[in-house]
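For reference, upload-v1.tsv is printed below; it contains TSV, N, CA and C atoms and all ligand atoms.
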chain	number	residue	atom	x	y	z
A	354	MET	N	0.85	-1.21	0.00
A	354	MET	CA	0.00	0.00	0.00
A	354	MET	C	0.88	1.25	0.00
A	355	HIS	N	0.80	1.99	-1.07
A	355	HIS	CA	1.57	3.21	-1.27
A	355	HIS	C	1.37	4.20	-0.12
A	356	GLU	N	0.13	4.36	0.33
A	356	GLU	CA	-0.18	5.31	1.39
A	356	GLU	C	0.54	4.96	2.69
A	357	PHE	N	0.63	3.67	2.98
A	357	PHE	CA	1.22	3.30	4.26
A	357	PHE	C	2.71	3.56	4.30
A	358	SER	N	3.43	3.21	3.21
A	358	SER	CA	4.87	3.46	3.21
A	358	SER	C	5.13	4.97	3.22
A	359	THR	N	4.27	5.74	2.56
A	359	THR	CA	4.38	7.20	2.61
A	359	THR	C	4.18	7.70	4.03
A	360	ALA	N	3.16	7.15	4.71
A	360	ALA	CA	2.85	7.55	6.08
A	360	ALA	C	4.04	7.28	7.00
A	361	VAL	N	4.67	6.13	6.82
A	361	VAL	CA	5.81	5.77	7.66
A	361	VAL	C	6.94	6.77	7.45
A	362	SER	N	7.24	7.12	6.20
A	362	SER	CA	8.34	8.06	5.99
A	362	SER	C	8.00	9.47	6.49
A	363	ILE	N	6.72	9.84	6.42
A	363	ILE	CA	6.31	11.15	6.97
A	363	ILE	C	6.54	11.18	8.48
A	364	ILE	N	6.09	10.13	9.15
A	364	ILE	CA	6.25	10.08	10.61
A	364	ILE	C	7.73	10.05	11.00
A	365	GLU	N	8.54	9.33	10.21
A	365	GLU	CA	9.99	9.31	10.48
A	365	GLU	C	10.56	10.73	10.40
A	366	ALA	N	10.14	11.47	9.38
A	366	ALA	CA	10.62	12.85	9.20
A	366	ALA	C	10.16	13.73	10.36
A	367	VAL	N	8.91	13.52	10.80
A	367	VAL	CA	8.37	14.30	11.92
A	367	VAL	C	9.14	13.98	13.20
A	368	LYS	N	9.45	12.70	13.41
A	368	LYS	CA	10.17	12.30	14.62
A	368	LYS	C	11.58	12.91	14.63
A	369	ARG	N	12.22	12.91	13.45
A	369	ARG	CA	13.56	13.50	13.35
A	369	ARG	C	13.50	14.99	13.68
A	370	ALA	N	12.52	15.68	13.10
A	370	ALA	CA	12.39	17.12	13.32
A	370	ALA	C	12.11	17.40	14.79
A	371	ALA	N	11.23	16.59	15.39
A	371	ALA	CA	10.87	16.78	16.80
A	371	ALA	C	12.10	16.62	17.68
A	372	LYS	N	12.94	15.65	17.34
A	372	LYS	CA	14.16	15.40	18.10
A	372	LYS	C	15.13	16.59	17.96
A	373	ASP	N	15.27	17.06	16.72
A	373	ASP	CA	16.17	18.19	16.45
A	373	ASP	C	15.79	19.41	17.28
A	374	TYR	N	14.49	19.62	17.46
A	374	TYR	CA	14.03	20.82	18.17
A	374	TYR	C	13.81	20.55	19.66
A	375	GLY	N	14.14	19.37	20.10
A	375	GLY	CA	13.98	19.04	21.51
A	375	GLY	C	12.53	19.00	21.95
A	376	ALA	N	11.65	18.58	21.06
A	376	ALA	CA	10.23	18.52	21.40
A	376	ALA	C	9.94	17.28	22.25
A	377	THR	N	8.98	17.42	23.14
A	377	THR	CA	8.61	16.27	23.97
A	377	THR	C	7.33	15.62	23.48
A	378	LYS	N	6.56	16.38	22.69
A	378	LYS	CA	5.30	15.84	22.19
A	378	LYS	C	4.92	16.58	20.91
A	379	VAL	N	4.54	15.83	19.88
A	379	VAL	CA	4.06	16.45	18.65
A	379	VAL	C	2.54	16.52	18.74
A	380	THR	N	1.99	17.74	18.61
A	380	THR	CA	0.54	17.89	18.77
A	380	THR	C	-0.18	18.07	17.44
A	381	GLY	N	0.55	18.48	16.40
A	381	GLY	CA	-0.10	18.68	15.12
A	381	GLY	C	0.88	18.55	13.96
A	382	ILE	N	0.38	18.02	12.86
A	382	ILE	CA	1.20	17.85	11.66
A	382	ILE	C	0.37	18.33	10.46
A	383	THR	N	0.96	19.20	9.66
A	383	THR	CA	0.28	19.63	8.44
A	383	THR	C	1.07	19.10	7.24
A	384	ILE	N	0.37	18.42	6.36
A	384	ILE	CA	1.01	17.79	5.21
A	384	ILE	C	0.38	18.33	3.93
A	385	GLN	N	1.23	18.67	2.97
A	385	GLN	CA	0.72	19.11	1.67
A	385	GLN	C	0.83	17.95	0.68
A	386	ILE	N	-0.31	17.68	0.05
A	386	ILE	CA	-0.37	16.57	-0.89
A	386	ILE	C	-0.83	17.09	-2.25
A	387	GLY	N	0.03	16.93	-3.24
A	387	GLY	CA	-0.35	17.33	-4.59
A	387	GLY	C	-1.40	16.41	-5.17
A	388	LYS	N	-2.22	16.98	-6.05
A	388	LYS	CA	-3.30	16.17	-6.64
A	388	LYS	C	-2.78	15.05	-7.51
A	389	LEU	N	-1.54	15.19	-7.98
A	389	LEU	CA	-0.97	14.15	-8.85
A	389	LEU	C	-0.19	13.09	-8.07
A	390	SER	N	-0.17	13.22	-6.75
A	390	SER	CA	0.61	12.28	-5.96
A	390	SER	C	-0.06	10.91	-5.88
A	391	MET	N	-1.32	10.84	-6.29
A	391	MET	CA	-2.08	9.59	-6.30
A	391	MET	C	-2.30	9.02	-4.91
A	392	LEU	N	-2.22	9.86	-3.90
A	392	LEU	CA	-2.42	9.36	-2.54
A	392	LEU	C	-3.87	9.56	-2.13
A	393	ASN	N	-4.46	8.52	-1.59
A	393	ASN	CA	-5.80	8.61	-1.05
A	393	ASN	C	-5.70	9.20	0.35
A	394	HIS	N	-6.36	10.34	0.55
A	394	HIS	CA	-6.18	11.06	1.82
A	394	HIS	C	-6.67	10.27	3.03
A	395	ASP	N	-7.80	9.59	2.91
A	395	ASP	CA	-8.32	8.82	4.04
A	395	ASP	C	-7.36	7.68	4.41
A	396	GLN	N	-6.85	7.01	3.37
A	396	GLN	CA	-5.92	5.92	3.63
A	396	GLN	C	-4.62	6.44	4.21
A	397	LEU	N	-4.21	7.62	3.75
A	397	LEU	CA	-2.98	8.22	4.27
A	397	LEU	C	-3.16	8.58	5.74
A	398	LEU	N	-4.29	9.19	6.07
A	398	LEU	CA	-4.57	9.55	7.47
A	398	LEU	C	-4.56	8.31	8.36
A	399	PHE	N	-5.18	7.27	7.87
A	399	PHE	CA	-5.23	6.01	8.61
A	399	PHE	C	-3.82	5.46	8.81
A	400	GLY	N	-3.01	5.48	7.76
A	400	GLY	CA	-1.63	5.02	7.84
A	400	GLY	C	-0.81	5.85	8.81
A	401	LEU	N	-1.05	7.16	8.81
A	401	LEU	CA	-0.31	8.05	9.72
A	401	LEU	C	-0.64	7.76	11.17
A	402	GLU	N	-1.91	7.49	11.43
A	402	GLU	CA	-2.29	7.17	12.81
A	402	GLU	C	-1.59	5.91	13.29
A	403	ILE	N	-1.53	4.92	12.41
A	403	ILE	CA	-0.85	3.66	12.78
A	403	ILE	C	0.65	3.90	12.94
A	404	ALA	N	1.23	4.64	12.00
A	404	ALA	CA	2.68	4.86	12.03
A	404	ALA	C	3.09	5.68	13.25
A	405	ALA	N	2.19	6.54	13.72
A	405	ALA	CA	2.53	7.42	14.85
A	405	ALA	C	2.33	6.75	16.20
A	406	LYS	N	1.67	5.60	16.18
A	406	LYS	CA	1.35	4.93	17.44
A	406	LYS	C	2.62	4.62	18.24
A	407	ASP	N	2.56	4.84	19.54
A	407	ASP	CA	3.68	4.59	20.46
A	407	ASP	C	4.90	5.46	20.14
A	408	SER	N	4.68	6.57	19.44
A	408	SER	CA	5.81	7.48	19.19
A	408	SER	C	5.46	8.85	19.76
A	409	ILE	N	6.39	9.77	19.62
A	409	ILE	CA	6.22	11.13	20.10
A	409	ILE	C	5.06	11.83	19.37
A	410	ALA	N	4.68	11.28	18.22
A	410	ALA	CA	3.64	11.91	17.40
A	410	ALA	C	2.27	11.25	17.57
A	411	GLU	N	2.17	10.31	18.49
A	411	GLU	CA	0.89	9.64	18.67
A	411	GLU	C	-0.17	10.66	19.10
A	412	GLY	N	-1.32	10.60	18.47
A	412	GLY	CA	-2.44	11.47	18.82
A	412	GLY	C	-2.35	12.88	18.24
A	413	ALA	N	-1.32	13.15	17.46
A	413	ALA	CA	-1.19	14.49	16.85
A	413	ALA	C	-2.34	14.73	15.88
A	414	LYS	N	-2.77	15.99	15.82
A	414	LYS	CA	-3.84	16.34	14.89
A	414	LYS	C	-3.22	16.50	13.50
A	415	ILE	N	-3.68	15.69	12.57
A	415	ILE	CA	-3.08	15.69	11.24
A	415	ILE	C	-3.99	16.43	10.26
A	416	THR	N	-3.41	17.42	9.59
A	416	THR	CA	-4.17	18.18	8.61
A	416	THR	C	-3.54	17.95	7.24
A	417	ILE	N	-4.39	17.64	6.27
A	417	ILE	CA	-3.89	17.46	4.90
A	417	ILE	C	-4.35	18.66	4.06
A	418	GLU	N	-3.39	19.34	3.46
A	418	GLU	CA	-3.70	20.45	2.56
A	418	GLU	C	-3.49	19.97	1.12
A	419	PRO	N	-4.57	19.87	0.36
A	419	PRO	CA	-4.39	19.44	-1.02
A	419	PRO	C	-3.79	20.57	-1.86
A	420	LEU	N	-2.83	20.24	-2.69
A	420	LEU	CA	-2.24	21.23	-3.58
A	420	LEU	C	-2.76	20.99	-4.99
A	421	PRO	N	-3.27	22.04	-5.63
A	421	PRO	CA	-3.77	21.85	-6.99
A	421	PRO	C	-2.62	21.65	-7.99
A	422	ILE	N	-2.99	21.19	-9.16
A	422	ILE	CA	-1.99	21.03	-10.22
A	422	ILE	C	-1.71	22.40	-10.82
A	423	LYS	N	-0.43	22.72	-10.96
A	423	LYS	CA	-0.04	23.98	-11.59
A	423	LYS	C	0.82	23.66	-12.79
A	424	ILE	N	0.52	24.32	-13.89
A	424	ILE	CA	1.31	24.07	-15.10
A	424	ILE	C	1.90	25.37	-15.65
A	425	ARG	N	2.97	25.22	-16.43
A	425	ARG	CA	3.56	26.37	-17.10
A	425	ARG	C	3.70	26.01	-18.57
A	426	CYS	N	3.23	26.91	-19.39
A	426	CYS	CA	3.25	26.67	-20.83
A	426	CYS	C	4.65	26.93	-21.38
A	427	ASN	N	5.15	25.98	-22.18
A	427	ASN	CA	6.49	26.15	-22.77
A	427	ASN	C	6.46	27.06	-23.99
A	428	ARG	N	5.27	27.39	-24.47
A	428	ARG	CA	5.20	28.25	-25.65
A	428	ARG	C	5.07	29.72	-25.24
A	429	CYS	N	4.10	30.02	-24.31
A	429	CYS	CA	3.86	31.42	-23.96
A	429	CYS	C	4.21	31.73	-22.51
A	430	ALA	N	4.71	30.74	-21.76
A	430	ALA	CA	5.18	30.91	-20.38
A	430	ALA	C	4.07	31.25	-19.39
A	431	THR	N	2.81	31.11	-19.79
A	431	THR	CA	1.72	31.36	-18.86
A	431	THR	C	1.68	30.26	-17.79
A	432	LYS	N	1.51	30.69	-16.55
A	432	LYS	CA	1.34	29.72	-15.47
A	432	LYS	C	-0.14	29.66	-15.11
A	433	SER	N	-0.64	28.47	-14.90
A	433	SER	CA	-2.06	28.37	-14.55
A	433	SER	C	-2.31	27.18	-13.64
A	434	ILE	N	-3.44	27.27	-12.93
A	434	ILE	CA	-3.86	26.21	-12.04
A	434	ILE	C	-4.92	25.38	-12.75
A	435	VAL	N	-4.80	24.08	-12.65
A	435	VAL	CA	-5.73	23.19	-13.33
A	435	VAL	C	-6.78	22.71	-12.33
A	436	ASN	N	-8.01	23.01	-12.62
A	436	ASN	CA	-9.09	22.53	-11.74
A	436	ASN	C	-9.91	21.48	-12.45
A	437	LYS	N	-9.29	20.34	-12.65
A	437	LYS	CA	-10.00	19.25	-13.32
A	437	LYS	C	-10.15	18.09	-12.37
A	438	GLU	N	-11.33	17.52	-12.35
A	438	GLU	CA	-11.55	16.33	-11.54
A	438	GLU	C	-11.58	15.14	-12.48
A	439	GLY	N	-11.28	13.99	-11.92
A	439	GLY	CA	-11.39	12.79	-12.73
A	439	GLY	C	-10.18	11.91	-12.57
A	440	ALA	N	-10.15	10.86	-13.36
A	440	ALA	CA	-9.04	9.90	-13.28
A	440	ALA	C	-7.75	10.60	-13.69
A	441	LEU	N	-6.66	10.16	-13.09
A	441	LEU	CA	-5.38	10.82	-13.31
A	441	LEU	C	-4.99	10.87	-14.79
A	442	TYR	N	-5.15	9.77	-15.50
A	442	TYR	CA	-4.73	9.76	-16.91
A	442	TYR	C	-5.58	10.72	-17.75
A	443	GLU	N	-6.84	10.85	-17.35
A	443	GLU	CA	-7.71	11.80	-18.08
A	443	GLU	C	-7.26	13.22	-17.84
A	444	VAL	N	-6.95	13.52	-16.56
A	444	VAL	CA	-6.50	14.86	-16.22
A	444	VAL	C	-5.19	15.16	-16.95
A	445	LEU	N	-4.26	14.20	-16.88
A	445	LEU	CA	-2.94	14.42	-17.50
A	445	LEU	C	-3.05	14.60	-19.01
A	446	SER	N	-3.92	13.82	-19.64
A	446	SER	CA	-4.00	13.89	-21.09
A	446	SER	C	-4.75	15.14	-21.55
A	447	SER	N	-5.43	15.82	-20.61
A	447	SER	CA	-6.19	17.00	-21.02
A	447	SER	C	-5.49	18.30	-20.65
A	448	LEU	N	-4.26	18.21	-20.16
A	448	LEU	CA	-3.56	19.42	-19.74
A	448	LEU	C	-3.12	20.25	-20.94
A	449	THR	N	-3.70	21.43	-21.04
A	449	THR	CA	-3.30	22.34	-22.10
A	449	THR	C	-3.22	23.76	-21.54
A	450	CYS	N	-2.47	24.62	-22.19
A	450	CYS	CA	-2.36	26.01	-21.77
A	450	CYS	C	-3.70	26.71	-22.00
A	451	PRO	N	-4.25	27.37	-20.95
A	451	PRO	CA	-5.54	28.03	-21.13
A	451	PRO	C	-5.47	29.26	-22.04
A	452	LYS	N	-4.27	29.78	-22.23
A	452	LYS	CA	-4.12	31.00	-23.02
A	452	LYS	C	-3.93	30.70	-24.50
A	453	CYS	N	-2.94	29.86	-24.81
A	453	CYS	CA	-2.65	29.63	-26.24
A	453	CYS	C	-3.01	28.21	-26.68
A	454	LYS	N	-3.55	27.41	-25.75
A	454	LYS	CA	-4.03	26.05	-26.03
A	454	LYS	C	-2.91	25.07	-26.38
A	455	ALA	N	-1.67	25.46	-26.16
A	455	ALA	CA	-0.56	24.54	-26.46
A	455	ALA	C	-0.61	23.36	-25.51
A	456	ARG	N	-0.16	22.20	-26.00
A	456	ARG	CA	-0.10	21.02	-25.14
A	456	ARG	C	1.31	20.82	-24.59
A	457	ASP	N	2.21	21.70	-25.01
A	457	ASP	CA	3.60	21.62	-24.56
A	457	ASP	C	3.74	22.36	-23.23
A	458	ILE	N	3.40	21.65	-22.17
A	458	ILE	CA	3.41	22.28	-20.85
A	458	ILE	C	4.28	21.48	-19.87
A	459	ASP	N	4.73	22.17	-18.83
A	459	ASP	CA	5.43	21.50	-17.74
A	459	ASP	C	4.56	21.54	-16.50
A	460	ILE	N	4.56	20.45	-15.75
A	460	ILE	CA	3.84	20.43	-14.48
A	460	ILE	C	4.79	20.97	-13.41
A	461	ILE	N	4.42	22.11	-12.79
A	461	ILE	CA	5.32	22.71	-11.80
A	461	ILE	C	4.84	22.49	-10.37
A	462	GLN	N	3.65	21.99	-10.21
A	462	GLN	CA	3.17	21.63	-8.87
A	462	GLN	C	2.10	20.56	-8.98
A	463	GLY	N	2.04	19.71	-7.98
A	463	GLY	CA	0.98	18.70	-7.98
A	463	GLY	C	1.47	17.32	-7.59
A	464	ARG	N	2.81	17.14	-7.57
A	464	ARG	CA	3.35	15.82	-7.21
A	464	ARG	C	3.85	15.78	-5.78
A	465	GLU	N	3.66	16.89	-5.04
A	465	GLU	CA	4.24	17.01	-3.71
A	465	GLU	C	3.63	16.05	-2.69
A	466	CYS	N	4.45	15.72	-1.73
A	466	CYS	CA	4.00	15.06	-0.52
A	466	CYS	C	4.99	15.51	0.54
A	467	VAL	N	4.70	16.64	1.18
A	467	VAL	CA	5.68	17.23	2.09
A	467	VAL	C	5.05	17.60	3.43
A	468	VAL	N	5.88	17.53	4.46
A	468	VAL	CA	5.46	18.01	5.77
A	468	VAL	C	5.65	19.53	5.75
A	469	LYS	N	4.55	20.26	5.88
A	469	LYS	CA	4.63	21.71	5.80
A	469	LYS	C	4.90	22.31	7.18
A	470	ASP	N	4.31	21.72	8.18
A	470	ASP	CA	4.34	22.34	9.49
A	470	ASP	C	4.16	21.28	10.57
A	471	ILE	N	4.85	21.50	11.67
A	471	ILE	CA	4.70	20.60	12.83
A	471	ILE	C	4.45	21.46	14.06
A	472	GLN	N	3.40	21.15	14.81
A	472	GLN	CA	3.17	21.81	16.09
A	472	GLN	C	3.64	20.84	17.18
A	473	ALA	N	4.43	21.37	18.10
A	473	ALA	CA	4.97	20.48	19.12
A	473	ALA	C	5.15	21.21	20.43
A	474	VAL	N	5.19	20.42	21.49
A	474	VAL	CA	5.50	20.95	22.82
A	474	VAL	C	7.01	20.81	22.98
A	475	LEU	N	7.67	21.93	23.29
A	475	LEU	CA	9.12	21.89	23.43
A	475	LEU	C	9.52	21.65	24.88
A	476	ASP	N	10.60	20.94	25.02
A	476	ASP	CA	11.16	20.71	26.35
A	476	ASP	C	11.85	22.00	26.81
A	477	GLU	N	11.32	22.63	27.85
A	477	GLU	CA	11.83	23.92	28.30
A	477	GLU	C	13.28	23.85	28.79
A	478	GLU	N	13.69	22.67	29.18
A	478	GLU	CA	15.05	22.51	29.70
A	478	GLU	C	16.10	22.75	28.62
A	479	ASN	N	15.75	22.51	27.38
A	479	ASN	CA	16.75	22.63	26.31
A	479	ASN	C	16.82	24.02	25.75
A	501	ZN	ZN	0.53	28.98	-23.68

In structure tokens, how does this file's structure come out?
Ligand SMILES: [Zn+2]
Amino acid sequence: MHEFSTAVSIIEAVKRAAKDYGATKVTGITIQIGKLSMLNHDQLLFGLEIAAKDSIAEGAKITIEPLPIKIRCNRCATKSIVNKEGALYEVLSSLTCPKCKARDIDIIQGRECVVKDIQAVLDEEN
């Protein structure tokens, strides 16, 4: 399950960051997920809860921020956000520049899966 291995690496990153900052408890995690990452948010949340169990991040409030697909046209350099719903291959095959209709575009956002923010209780002693 793609979501579960992703969840494990997210929690590992959170644990490392928490350790670096001398945190004693992680209370919140915000994750940005691009629409092209193919991650199911419910399954990811479920995986994160399991991965965080018995760790410093157990019980943290997890927020997922979906990132829309952003493209840049290679012909006219227009940047635009794609608001298309549907199967991934359909979305990908329909990506065109809204200004000049060129199909020669680069995807500049939408594949992300990053920890944007961590809320934690810091150990005052450090
Ligand atoms: Zn264009």

Counting all atoms listed in the file, what are the residues of chain A within 6.5 Å of ligand ZN 501 (chain A), and for each of them which pair of atoms is the nearest and at what distance in Å, to one decimal? Sort the table by chain and rising number, as a Markdown table.
| residue | atom | partner | partner_atom | distance |
| --- | --- | --- | --- | --- |
| A:Cys426 | CA | A:ZN501 | ZN | 4.6 |
| A:Asn427 | N | A:ZN501 | ZN | 5.7 |
| A:Arg428 | C | A:ZN501 | ZN | 4.9 |
| A:Cys429 | N | A:ZN501 | ZN | 3.8 |
| A:Ala430 | N | A:ZN501 | ZN | 4.9 |
| A:Thr431 | N | A:ZN501 | ZN | 5.0 |
| A:Cys450 | CA | A:ZN501 | ZN | 4.6 |
| A:Pro451 | N | A:ZN501 | ZN | 5.7 |
| A:Lys452 | C | A:ZN501 | ZN | 4.8 |
| A:Cys453 | N | A:ZN501 | ZN | 3.8 |
| A:Lys454 | N | A:ZN501 | ZN | 4.8 |
| A:Ala455 | N | A:ZN501 | ZN | 4.8 |

Would you mind exporting the chosen residues as an mmCIF file, in the frame of the given file, restricted to N, CA and C atoms?
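For reference, part-v5.cif as written:
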data_model
loop_
_atom_site.group_PDB
_atom_site.id
_atom_site.type_symbol
_atom_site.label_atom_id
_atom_site.label_comp_id
_atom_site.auth_asym_id
_atom_site.auth_seq_id
_atom_site.Cartn_x
_atom_site.Cartn_y
_atom_site.Cartn_z
ATOM 1 N N CYS A 426 3.230 26.910 -19.390
ATOM 2 C CA CYS A 426 3.250 26.670 -20.830
ATOM 3 C C CYS A 426 4.650 26.930 -21.380
ATOM 4 N N ASN A 427 5.150 25.980 -22.180
ATOM 5 C CA ASN A 427 6.490 26.150 -22.770
ATOM 6 C C ASN A 427 6.460 27.060 -23.990
ATOM 7 N N ARG A 428 5.270 27.390 -24.470
ATOM 8 C CA ARG A 428 5.200 28.250 -25.650
ATOM 9 C C ARG A 428 5.070 29.720 -25.240
ATOM 10 N N CYS A 429 4.100 30.020 -24.310
ATOM 11 C CA CYS A 429 3.860 31.420 -23.960
ATOM 12 C C CYS A 429 4.210 31.730 -22.510
ATOM 13 N N ALA A 430 4.710 30.740 -21.760
ATOM 14 C CA ALA A 430 5.180 30.910 -20.380
ATOM 15 C C ALA A 430 4.070 31.250 -19.390
ATOM 16 N N THR A 431 2.810 31.110 -19.790
ATOM 17 C CA THR A 431 1.720 31.360 -18.860
ATOM 18 C C THR A 431 1.680 30.260 -17.790
ATOM 19 N N CYS A 450 -2.470 24.620 -22.190
ATOM 20 C CA CYS A 450 -2.360 26.010 -21.770
ATOM 21 C C CYS A 450 -3.700 26.710 -22.000
ATOM 22 N N PRO A 451 -4.250 27.370 -20.950
ATOM 23 C CA PRO A 451 -5.540 28.030 -21.130
ATOM 24 C C PRO A 451 -5.470 29.260 -22.040
ATOM 25 N N LYS A 452 -4.270 29.780 -22.230
ATOM 26 C CA LYS A 452 -4.120 31.000 -23.020
ATOM 27 C C LYS A 452 -3.930 30.700 -24.500
ATOM 28 N N CYS A 453 -2.940 29.860 -24.810
ATOM 29 C CA CYS A 453 -2.650 29.630 -26.240
ATOM 30 C C CYS A 453 -3.010 28.210 -26.680
ATOM 31 N N LYS A 454 -3.550 27.410 -25.750
ATOM 32 C CA LYS A 454 -4.030 26.050 -26.030
ATOM 33 C C LYS A 454 -2.910 25.070 -26.380
ATOM 34 N N ALA A 455 -1.670 25.460 -26.160
ATOM 35 C CA ALA A 455 -0.560 24.540 -26.460
ATOM 36 C C ALA A 455 -0.610 23.360 -25.510
#

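Remark: for A:Ile417, the closest of the candidate residues A:Ile386, A:Leu392, A:Val435, A:Ala404 is A:Ile386 (distances computed over only N, CA and C atoms).
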
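Atom CA of A:Ser408 is positioned 28.7 Å from atom CA of A:Lys388.
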
Got a sec: who's within 5 Å of stretch 471-473 of chain A, counting only N, CA and C atoms, leaving out chain neighbours fewer than 4 positions off, as a list in words? Lys378, Val379, Thr380, Gly381, Ile382 and Thr383 of chain A

Pick from A:Lys432, A:Ile409, A:Thr416, A:Thr449, whichever lies nearest to A:Thr377 using only C-alpha atoms: A:Ile409

Please give the complete set of residues from chain A that DSSP, run on the backbone, assigns to alpha helix (DSSP H), formatted as number ranges by chain. A: 355-373, 394-405, 441-446

Since we have the selection now, will you write its residues out, keeping N, CA and C atoms, as a short mmCIF file (atom, residue, chain, number, x, y, z; two decimals), in the frame of the given file?
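File written: out.cif
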data_model
loop_
_atom_site.label_atom_id
_atom_site.label_comp_id
_atom_site.auth_asym_id
_atom_site.auth_seq_id
_atom_site.Cartn_x
_atom_site.Cartn_y
_atom_site.Cartn_z
N HIS A 355 0.80 1.99 -1.07
CA HIS A 355 1.57 3.21 -1.27
C HIS A 355 1.37 4.20 -0.12
N GLU A 356 0.13 4.36 0.33
CA GLU A 356 -0.18 5.31 1.39
C GLU A 356 0.54 4.96 2.69
N PHE A 357 0.63 3.67 2.98
CA PHE A 357 1.22 3.30 4.26
C PHE A 357 2.71 3.56 4.30
N SER A 358 3.43 3.21 3.21
CA SER A 358 4.87 3.46 3.21
C SER A 358 5.13 4.97 3.22
N THR A 359 4.27 5.74 2.56
CA THR A 359 4.38 7.20 2.61
C THR A 359 4.18 7.70 4.03
N ALA A 360 3.16 7.15 4.71
CA ALA A 360 2.85 7.55 6.08
C ALA A 360 4.04 7.28 7.00
N VAL A 361 4.67 6.13 6.82
CA VAL A 361 5.81 5.77 7.66
C VAL A 361 6.94 6.77 7.45
N SER A 362 7.24 7.12 6.20
CA SER A 362 8.34 8.06 5.99
C SER A 362 8.00 9.47 6.49
N ILE A 363 6.72 9.84 6.42
CA ILE A 363 6.31 11.15 6.97
C ILE A 363 6.54 11.18 8.48
N ILE A 364 6.09 10.13 9.15
CA ILE A 364 6.25 10.08 10.61
C ILE A 364 7.73 10.05 11.00
N GLU A 365 8.54 9.33 10.21
CA GLU A 365 9.99 9.31 10.48
C GLU A 365 10.56 10.73 10.40
N ALA A 366 10.14 11.47 9.38
CA ALA A 366 10.62 12.85 9.20
C ALA A 366 10.16 13.73 10.36
N VAL A 367 8.91 13.52 10.80
CA VAL A 367 8.37 14.30 11.92
C VAL A 367 9.14 13.98 13.20
N LYS A 368 9.45 12.70 13.41
CA LYS A 368 10.17 12.30 14.62
C LYS A 368 11.58 12.91 14.63
N ARG A 369 12.22 12.91 13.45
CA ARG A 369 13.56 13.50 13.35
C ARG A 369 13.50 14.99 13.68
N ALA A 370 12.52 15.68 13.10
CA ALA A 370 12.39 17.12 13.32
C ALA A 370 12.11 17.40 14.79
N ALA A 371 11.23 16.59 15.39
CA ALA A 371 10.87 16.78 16.80
C ALA A 371 12.10 16.62 17.68
N LYS A 372 12.94 15.65 17.34
CA LYS A 372 14.16 15.40 18.10
C LYS A 372 15.13 16.59 17.96
N ASP A 373 15.27 17.06 16.72
CA ASP A 373 16.17 18.19 16.45
C ASP A 373 15.79 19.41 17.28
N HIS A 394 -6.36 10.34 0.55
CA HIS A 394 -6.18 11.06 1.82
C HIS A 394 -6.67 10.27 3.03
N ASP A 395 -7.80 9.59 2.91
CA ASP A 395 -8.32 8.82 4.04
C ASP A 395 -7.36 7.68 4.41
N GLN A 396 -6.85 7.01 3.37
CA GLN A 396 -5.92 5.92 3.63
C GLN A 396 -4.62 6.44 4.21
N LEU A 397 -4.21 7.62 3.75
CA LEU A 397 -2.98 8.22 4.27
C LEU A 397 -3.16 8.58 5.74
N LEU A 398 -4.29 9.19 6.07
CA LEU A 398 -4.57 9.55 7.47
C LEU A 398 -4.56 8.31 8.36
N PHE A 399 -5.18 7.27 7.87
CA PHE A 399 -5.23 6.01 8.61
C PHE A 399 -3.82 5.46 8.81
N GLY A 400 -3.01 5.48 7.76
CA GLY A 400 -1.63 5.02 7.84
C GLY A 400 -0.81 5.85 8.81
N LEU A 401 -1.05 7.16 8.81
CA LEU A 401 -0.31 8.05 9.72
C LEU A 401 -0.64 7.76 11.17
N GLU A 402 -1.91 7.49 11.43
CA GLU A 402 -2.29 7.17 12.81
C GLU A 402 -1.59 5.91 13.29
N ILE A 403 -1.53 4.92 12.41
CA ILE A 403 -0.85 3.66 12.78
C ILE A 403 0.65 3.90 12.94
N ALA A 404 1.23 4.64 12.00
CA ALA A 404 2.68 4.86 12.03
C ALA A 404 3.09 5.68 13.25
N ALA A 405 2.19 6.54 13.72
CA ALA A 405 2.53 7.42 14.85
C ALA A 405 2.33 6.75 16.20
N LEU A 441 -6.66 10.16 -13.09
CA LEU A 441 -5.38 10.82 -13.31
C LEU A 441 -4.99 10.87 -14.79
N TYR A 442 -5.15 9.77 -15.50
CA TYR A 442 -4.73 9.76 -16.91
C TYR A 442 -5.58 10.72 -17.75
N GLU A 443 -6.84 10.85 -17.35
CA GLU A 443 -7.71 11.80 -18.08
C GLU A 443 -7.26 13.22 -17.84
N VAL A 444 -6.95 13.52 -16.56
CA VAL A 444 -6.50 14.86 -16.22
C VAL A 444 -5.19 15.16 -16.95
N LEU A 445 -4.26 14.20 -16.88
CA LEU A 445 -2.94 14.42 -17.50
C LEU A 445 -3.05 14.60 -19.01
N SER A 446 -3.92 13.82 -19.64
CA SER A 446 -4.00 13.89 -21.09
C SER A 446 -4.75 15.14 -21.55
#

Pick from A:Lys469, A:Ile422, A:Leu398, A:Met391, whichever lies nearest to A:Leu441 using only N, CA and C atoms: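 Looking only at the distances to A:Leu441, the closest residue turns out to be A:Met391.
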
Write out as a list in words the residues lying within 6.5 Å of A:Ile424, counting all atoms listed in the file and excluding same-chain residues fewer than 5 positions away.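 Selected residues are Thr431, Lys432, Ser433, Ile434, Val435, Ile458, Asp459, Ile460, Ile461 and Gln462 of chain A.
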